[in-house]
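Visitor: Let me begin by handing over the structure; questions about it come next.
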Amino acid sequence: MVVKPEQIGAFDIACAEYCGLNHSLMYTRVYVVPEKEFAQWLNGEVDDDYLRKYVASHSEGYKDYLSGSYAILFAKGCVQCHNIDERKGIGPSFPELRRQFARVNVGGKDTTVVIDKEYLRESILNPETMIVKGYEKQTMPSMLNKIKDEELELIVDLLYSNFVKNKQ
């Protein structure tokens with residue numbers, strides 16, 4: 001596969017060639033940055049968070065989010081898989097939280113759960129326990145022991161206030 005980067009941004013990609021086992025699980029996000037920033041990253045001068053912020057600050061539609069309360073979603077890498085707008089990504093978009101309920105798979109059984117703060121907390125810390133219908137191919141990594149309690153509560157409050165409670 002050949003990719004010609006022409007625009008700064010974050011792009012969801014899926015493998016387009018049959019190359020072996022688990023081919024259907026080969027999804028990722030690619031970040032396109034100028035050569036200078038790429039070289040800095042490659043040499044260890046900047047980290048992944050720097051590149052995510054760089055992309056966000058140069059991508060239409062995301063610039064306003066980077067400096068506001070949404071900044072933690074960029075800092076923690078949430079927007080690598082979850083979009084702030086309606087676009088479908090690797091994981092459910094944040095606006096999908098506006099539904100009152102989520103269809104999930106729990107222990108091999110399909111069920112419906114209420115989208116509330118506890119659901120958000122559990123989905124962040126133990127995402128494999130309730131997998132949203134339609135997103136079974138690639139499950140989110142657990143943030144258990146990877147996120148501070150204050151950060152977790154900030155994210156939960158942010159998502160709840162801006163998406164769950166705000167049904168517009």
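Please note that chains go A, B, ... in the order of the structure tokens, that every chain numbers its residues from 1, and that ligands are numbered from 1 in the order shown.
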Find the residues near Asn145 (chain A): any atom within 12 Å, counting only C-alpha atoms, skip ones fewer than 5 places away on the same chain, and give them as a VMD selection string.

Guide: chain A and resid 124 to 126 151 to 152

Visitor: Write out the residues from the selection above, keeping C-alpha atoms, as a CSV table (one decimal), in the first residue's frame.

Guide:
```
chain,number,residue,atom,x,y,z
A,124,ILE,CA,-12.8,4.1,30.5
A,125,LEU,CA,-11.3,1.9,33.2
A,126,ASN,CA,-12.6,-1.5,32.1
A,151,GLU,CA,-8.1,13.1,35.3
A,152,LEU,CA,-10.8,10.4,35.2
```

Visitor: From a DSSP calculation on the backbone, collect every residue of chain A in alpha helix (DSSP H) and output the set as a PyMOL selection string.

Guide: chain A and resi 35-42+48-58+63-67+71-75+117-125+149-159

Visitor: For Lys133 (chain A), which residue among A:Phe101, A:Tyr119, A:Phe163, A:Phe38 is the nearest when counting only C-alpha atoms?

Guide: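 Closest residue, counting only C-alpha atoms: A:Phe101.
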
Visitor: Residues within 10 Å of Glu86 (chain A), please, as a list in words. Count only C-alpha atoms; anything in the same chain fewer than 6 positions from it doesn't count.

Guide: Pro92, Ser93, Phe94, Pro95 and Glu96 of chain A

Visitor: Just C-alpha atoms for this one: save the residues we selected as a PDB file, in the first residue's frame.

Guide:
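The new file result-v6.pdb reads:
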```pdb
ATOM      1  CA  PRO A  92     -17.815   5.450  19.152  1.00  0.00           C
ATOM      2  CA  SER A  93     -17.896   9.223  18.653  1.00  0.00           C
ATOM      3  CA  PHE A  94     -18.557  11.370  21.708  1.00  0.00           C
ATOM      4  CA  PRO A  95     -21.856  12.685  20.252  1.00  0.00           C
ATOM      5  CA  GLU A  96     -23.125   9.075  20.346  1.00  0.00           C
TER       6      GLU A  96
END
```

Visitor: Which residues are near region 153-156 of chain A? Cut-off 9 Å, only C-alpha atoms, ignore same chain within fewer than 2 positions. Put them as an mmCIF file with C-alpha atoms, in the first residue's frame.

Guide:
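Dumped everything to result-v2.cif:
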```cif
data_model
loop_
_atom_site.group_PDB
_atom_site.id
_atom_site.type_symbol
_atom_site.label_atom_id
_atom_site.label_comp_id
_atom_site.auth_asym_id
_atom_site.auth_seq_id
_atom_site.Cartn_x
_atom_site.Cartn_y
_atom_site.Cartn_z
ATOM 1 C CA TYR A 70 -11.474 19.376 25.709
ATOM 2 C CA ILE A 72 -7.520 16.510 28.241
ATOM 3 C CA LEU A 73 -9.165 14.358 25.555
ATOM 4 C CA LYS A 117 -21.429 8.789 34.854
ATOM 5 C CA GLU A 118 -20.904 5.263 36.172
ATOM 6 C CA LEU A 120 -18.575 6.394 31.461
ATOM 7 C CA ARG A 121 -16.198 5.556 34.342
ATOM 8 C CA ILE A 124 -12.820 4.105 30.526
ATOM 9 C CA LYS A 148 -5.140 9.681 37.749
ATOM 10 C CA ASP A 149 -8.441 9.821 39.649
ATOM 11 C CA GLU A 150 -8.695 13.585 39.055
ATOM 12 C CA GLU A 151 -8.150 13.108 35.313
ATOM 13 C CA LEU A 158 -16.637 16.698 30.557
ATOM 14 C CA LEU A 159 -18.285 13.906 28.563
ATOM 15 C CA TYR A 160 -21.359 13.857 30.770
ATOM 16 C CA SER A 161 -21.890 17.636 30.712
#
```

Visitor: Here is a test: counting only C-alpha atoms, which residue of A:Asp110, A:Asp116, A:Glu17, A:Asp48 is nearest to Glu136 (chain A)?

Guide: A:Asp110

Visitor: Give me, please, the distance in Å between CA of Arg98 (chain A) and CA of Ile115 (chain A), quoted to one decimal.

Guide: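 Separation of CA of Arg98 (chain A) and CA of Ile115 (chain A): 8.4 Å.
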
Visitor: For Ala10 (chain A), find every residue with an atom within 8 Å (counting only C-alpha atoms), except residues of its own chain fewer than 4 positions away, and show them as a list of chain:residue names.

Guide: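 Near neighbours after the sequence-gap exclusion: A:Arg29, A:Val30, A:Tyr31, A:Val32, A:Val55, A:Gln80.
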
Visitor: Using only C-alpha atoms, please write the residues we just selected to a file, as an mmCIF file, in the first residue's frame.

Guide:
```
data_model
loop_
_atom_site.group_PDB
_atom_site.id
_atom_site.type_symbol
_atom_site.label_atom_id
_atom_site.label_comp_id
_atom_site.auth_asym_id
_atom_site.auth_seq_id
_atom_site.Cartn_x
_atom_site.Cartn_y
_atom_site.Cartn_z
ATOM 1 C CA ARG A 29 -4.956 6.086 12.956
ATOM 2 C CA VAL A 30 -2.169 7.784 11.021
ATOM 3 C CA TYR A 31 -0.919 11.276 11.833
ATOM 4 C CA VAL A 32 0.370 13.384 8.967
ATOM 5 C CA VAL A 55 -2.105 17.825 14.401
ATOM 6 C CA GLN A 80 -7.166 8.912 18.530
#
```

Visitor: Which value, in Å to one decimal, gives the distance between CA of Ile13 (chain A) and CA of Val106 (chain A)?

Guide: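 Straight-line distance from CA of Ile13 (chain A) to CA of Val106 (chain A) works out to 27.5 Å.
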
Visitor: I'd like to know which of A:Ala39, A:Met143, A:Cys19, A:Val114 is closest to Cys78 (chain A), using only C-alpha atoms.

Guide: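 Once distances to Cys78 (chain A) are computed over only C-alpha atoms, the minimum belongs to A:Met143.
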
Visitor: Mind checking DSSP for region 3-165 of chain A and telling me the strand (DSSP E) residues as a ChimeraX atom specification?

Guide: /A:9-14,27-32,101-106,109-114,131-132

Visitor: Let me see the file: selected residues, N, CA and C atoms, as a JSON list (two decimals), in the first residue's frame.

Guide:
```
[["chain", "number", "residue", "atom", "x", "y", "z"],
["A", 9, "GLY", "N", -3.08, 16.18, 9.46],
["A", 9, "GLY", "CA", -4.29, 15.71, 10.13],
["A", 9, "GLY", "C", -4.13, 14.32, 10.69],
["A", 10, "ALA", "N", -5.21, 13.84, 11.29],
["A", 10, "ALA", "CA", -5.28, 12.48, 11.81],
["A", 10, "ALA", "C", -6.31, 11.74, 10.97],
["A", 11, "PHE", "N", -5.94, 10.58, 10.47],
["A", 11, "PHE", "CA", -6.81, 9.85, 9.55],
["A", 11, "PHE", "C", -6.93, 8.39, 9.98],
["A", 12, "ASP", "N", -8.16, 7.89, 10.01],
["A", 12, "ASP", "CA", -8.40, 6.48, 10.32],
["A", 12, "ASP", "C", -8.10, 5.68, 9.06],
["A", 13, "ILE", "N", -7.40, 4.57, 9.24],
["A", 13, "ILE", "CA", -7.10, 3.72, 8.09],
["A", 13, "ILE", "C", -7.35, 2.26, 8.44],
["A", 14, "ALA", "N", -7.64, 1.49, 7.40],
["A", 14, "ALA", "CA", -7.80, 0.05, 7.53],
["A", 14, "ALA", "C", -6.92, -0.59, 6.46],
["A", 27, "TYR", "N", -6.86, -1.98, 11.97],
["A", 27, "TYR", "CA", -7.30, -0.59, 11.92],
["A", 27, "TYR", "C", -6.33, 0.24, 12.74],
["A", 28, "THR", "N", -6.10, 1.45, 12.34],
["A", 28, "THR", "CA", -5.26, 2.34, 13.13],
["A", 28, "THR", "C", -5.55, 3.78, 12.72],
["A", 29, "ARG", "N", -4.86, 4.67, 13.32],
["A", 29, "ARG", "CA", -4.96, 6.09, 12.96],
["A", 29, "ARG", "C", -3.56, 6.54, 12.58],
["A", 30, "VAL", "N", -3.45, 7.25, 11.47],
["A", 30, "VAL", "CA", -2.17, 7.78, 11.02],
["A", 30, "VAL", "C", -2.19, 9.30, 11.20],
["A", 31, "TYR", "N", -1.07, 9.84, 11.66],
["A", 31, "TYR", "CA", -0.92, 11.28, 11.83],
["A", 31, "TYR", "C", 0.01, 11.79, 10.75],
["A", 32, "VAL", "N", -0.45, 12.78, 10.01],
["A", 32, "VAL", "CA", 0.37, 13.38, 8.97],
["A", 32, "VAL", "C", 0.87, 14.72, 9.49],
["A", 101, "PHE", "N", -29.37, 5.54, 25.97],
["A", 101, "PHE", "CA", -28.94, 4.17, 26.24],
["A", 101, "PHE", "C", -27.88, 3.74, 25.24],
["A", 102, "ALA", "N", -27.09, 2.74, 25.63],
["A", 102, "ALA", "CA", -26.09, 2.16, 24.73],
["A", 102, "ALA", "C", -26.38, 0.67, 24.59],
["A", 103, "ARG", "N", -26.30, 0.19, 23.36],
["A", 103, "ARG", "CA", -26.41, -1.25, 23.12],
["A", 103, "ARG", "C", -25.01, -1.82, 23.24],
["A", 104, "VAL", "N", -24.83, -2.72, 24.20],
["A", 104, "VAL", "CA", -23.50, -3.26, 24.49],
["A", 104, "VAL", "C", -23.54, -4.78, 24.59],
["A", 105, "ASN", "N", -22.36, -5.37, 24.51],
["A", 105, "ASN", "CA", -22.21, -6.80, 24.72],
["A", 105, "ASN", "C", -21.52, -6.97, 26.07],
["A", 106, "VAL", "N", -22.19, -7.70, 26.96],
["A", 106, "VAL", "CA", -21.65, -7.96, 28.30],
["A", 106, "VAL", "C", -21.57, -9.47, 28.47],
["A", 109, "LYS", "N", -23.40, -11.53, 25.89],
["A", 109, "LYS", "CA", -24.84, -11.29, 25.71],
["A", 109, "LYS", "C", -25.09, -9.82, 25.39],
["A", 110, "ASP", "N", -25.96, -9.59, 24.41],
["A", 110, "ASP", "CA", -26.34, -8.22, 24.06],
["A", 110, "ASP", "C", -27.34, -7.69, 25.07],
["A", 111, "THR", "N", -27.13, -6.45, 25.48],
["A", 111, "THR", "CA", -28.03, -5.81, 26.43],
["A", 111, "THR", "C", -28.02, -4.30, 26.19],
["A", 112, "THR", "N", -28.86, -3.61, 26.91],
["A", 112, "THR", "CA", -28.92, -2.15, 26.83],
["A", 112, "THR", "C", -28.62, -1.58, 28.20],
["A", 113, "VAL", "N", -27.76, -0.57, 28.25],
["A", 113, "VAL", "CA", -27.41, 0.06, 29.53],
["A", 113, "VAL", "C", -27.67, 1.56, 29.44],
["A", 114, "VAL", "N", -27.93, 2.16, 30.59],
["A", 114, "VAL", "CA", -28.13, 3.61, 30.68],
["A", 114, "VAL", "C", -26.77, 4.30, 30.58],
["A", 131, "ILE", "N", -18.82, -3.79, 25.66],
["A", 131, "ILE", "CA", -18.36, -3.36, 24.34],
["A", 131, "ILE", "C", -19.55, -2.87, 23.53],
["A", 132, "VAL", "N", -19.48, -1.63, 23.08],
["A", 132, "VAL", "CA", -20.58, -1.02, 22.32],
["A", 132, "VAL", "C", -20.79, -1.78, 21.01]]
```
